[in-house]
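**Student:** Handing you a structure now.
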Amino acid sequence: MRKALVVVTLVLLVAFAAQFVFAAVGAFTKPGGDGAYVLHSVTGMVIIPLLTLLTILLAVLAKAPGRLVGLASLPLGLVVLQALIAMLARASTDAAGASTVVGLVIGGLHALNGIIAVHVVVAVHQAARKLADPAPAGATQVGVRAAEPA
């Protein structure tokens, strides 16, 4: 179960990295529009939450410490916050529907929250690796030979 936790946290980390790529695809697609962000939206609202729930389940089944289970749960809350930040940014336009300074600042918080989420997932992955392989990194077992009789 612990090895599966390591694998799923790595897949979750890859999904978060893909989120940044998909956001860039949406930003650089011309002509733009909501359709340009479909991959970003699906990954953020479906894939990442499902992987996060799987991570939580595996952490519980692997009998991970409560701190790791809690840390594994945090990305789910950050995804909900992401959706709220995005809605606020879109709602903060002027009467003509153009961006405002307030809306752009809120949009910047969306990116910042995404960076924080990645750092949380990195910490979860590192903790999962440590749980799966409790030997200190770089430690090697030293074999002891019996002394040869003189």
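Residues in the structure tokens are numbered from 1 in each chain, the chains being A, B, ... in the order shown, and ligands are numbered from 1 in the order shown.
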Any chance you could list, as a PyMOL selection string, the residues in range 16-113 of chain A that come up alpha helix (DSSP H) when DSSP is run on the backbone?
**Tutor:** chain A and resi 16-28+38-42+48-61+66-91+101-113
**Student:** Using C-alpha atoms, can you export the residues from the last selection as a compact mmCIF listing (two decimals), in the first residue's frame?
**Tutor:**
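Everything below was put into out.txt:
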# COMPACT_ATOMS: atom_id res chain seq x y z
CA PHE A 16 -0.36 19.60 -11.04
CA ALA A 17 2.58 20.26 -13.37
CA ALA A 18 0.28 19.62 -16.33
CA GLN A 19 -2.10 22.22 -14.87
CA PHE A 20 0.49 24.92 -15.43
CA VAL A 21 1.04 23.73 -19.00
CA PHE A 22 -2.71 23.68 -19.66
CA ALA A 23 -3.08 27.19 -18.21
CA ALA A 24 -0.37 28.40 -20.59
CA VAL A 25 -2.10 26.64 -23.50
CA GLY A 26 -5.29 28.52 -22.61
CA ALA A 27 -3.49 31.83 -22.23
CA PHE A 28 -1.68 31.53 -25.56
CA VAL A 38 -10.91 23.08 -21.15
CA LEU A 39 -7.87 20.90 -20.32
CA HIS A 40 -7.01 23.18 -17.40
CA SER A 41 -10.58 23.06 -16.09
CA VAL A 42 -11.05 19.29 -16.43
CA ILE A 48 -6.74 16.41 -9.36
CA PRO A 49 -9.64 16.00 -6.89
CA LEU A 50 -9.96 12.28 -7.77
CA LEU A 51 -6.20 11.74 -7.40
CA THR A 52 -6.28 13.64 -4.11
CA LEU A 53 -9.10 11.43 -2.79
CA LEU A 54 -7.14 8.35 -3.87
CA THR A 55 -4.06 9.73 -2.11
CA ILE A 56 -6.03 10.23 1.10
CA LEU A 57 -7.47 6.70 0.89
CA LEU A 58 -4.06 5.14 0.28
CA ALA A 59 -2.51 7.16 3.12
CA VAL A 60 -5.17 5.83 5.50
CA LEU A 61 -4.78 2.26 4.23
CA GLY A 66 -2.19 11.63 10.93
CA ARG A 67 -0.01 14.53 9.82
CA LEU A 68 0.53 12.88 6.42
CA VAL A 69 -3.17 12.10 6.03
CA GLY A 70 -3.99 15.72 6.85
CA LEU A 71 -1.34 17.01 4.46
CA ALA A 72 -2.68 14.68 1.75
CA SER A 73 -6.13 16.23 2.27
CA LEU A 74 -4.93 19.80 1.88
CA PRO A 75 -4.82 19.84 -1.96
CA LEU A 76 -8.56 19.18 -2.02
CA GLY A 77 -9.19 22.35 -0.04
CA LEU A 78 -6.76 24.28 -2.22
CA VAL A 79 -8.63 23.11 -5.35
CA VAL A 80 -11.89 24.42 -3.89
CA LEU A 81 -10.13 27.70 -3.10
CA GLN A 82 -8.83 27.77 -6.71
CA ALA A 83 -12.37 27.60 -8.06
CA LEU A 84 -13.52 30.37 -5.72
CA ILE A 85 -10.58 32.59 -6.68
CA ALA A 86 -11.27 32.03 -10.39
CA MET A 87 -14.97 32.90 -9.95
CA LEU A 88 -14.07 36.07 -8.04
CA ALA A 89 -11.54 37.10 -10.68
CA ARG A 90 -14.09 36.60 -13.48
CA ALA A 91 -16.74 38.51 -11.50
CA VAL A 101 -7.00 45.86 -11.47
CA VAL A 102 -8.86 44.10 -8.66
CA GLY A 103 -9.77 41.20 -10.96
CA LEU A 104 -6.17 40.86 -12.15
CA VAL A 105 -4.85 40.85 -8.58
CA ILE A 106 -7.37 38.16 -7.66
CA GLY A 107 -6.33 36.23 -10.78
CA GLY A 108 -2.73 36.45 -9.59
CA LEU A 109 -3.81 34.83 -6.33
CA HIS A 110 -5.11 31.93 -8.43
CA ALA A 111 -1.59 31.34 -9.72
CA LEU A 112 -0.07 31.77 -6.25
CA ASN A 113 -2.50 29.25 -4.76
**Student:** So, counting only C-alpha atoms, which residue among A:Ala128, A:Met45, A:Ala64, A:Val118 is closest to Val8 in chain A?
**Tutor:** A:Ala128
**Student:** Quick one, how far is CA of Val124 in chain A from CA of Thr9 in chain A?
**Tutor:** 7.0 Å
**Student:** Which distance in Å separates CA of Gly114 in chain A and CA of Gly44 in chain A, to one decimal?
**Tutor:**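 According to the coordinates, CA of Gly114 in chain A and CA of Gly44 in chain A are separated by 10.0 Å.
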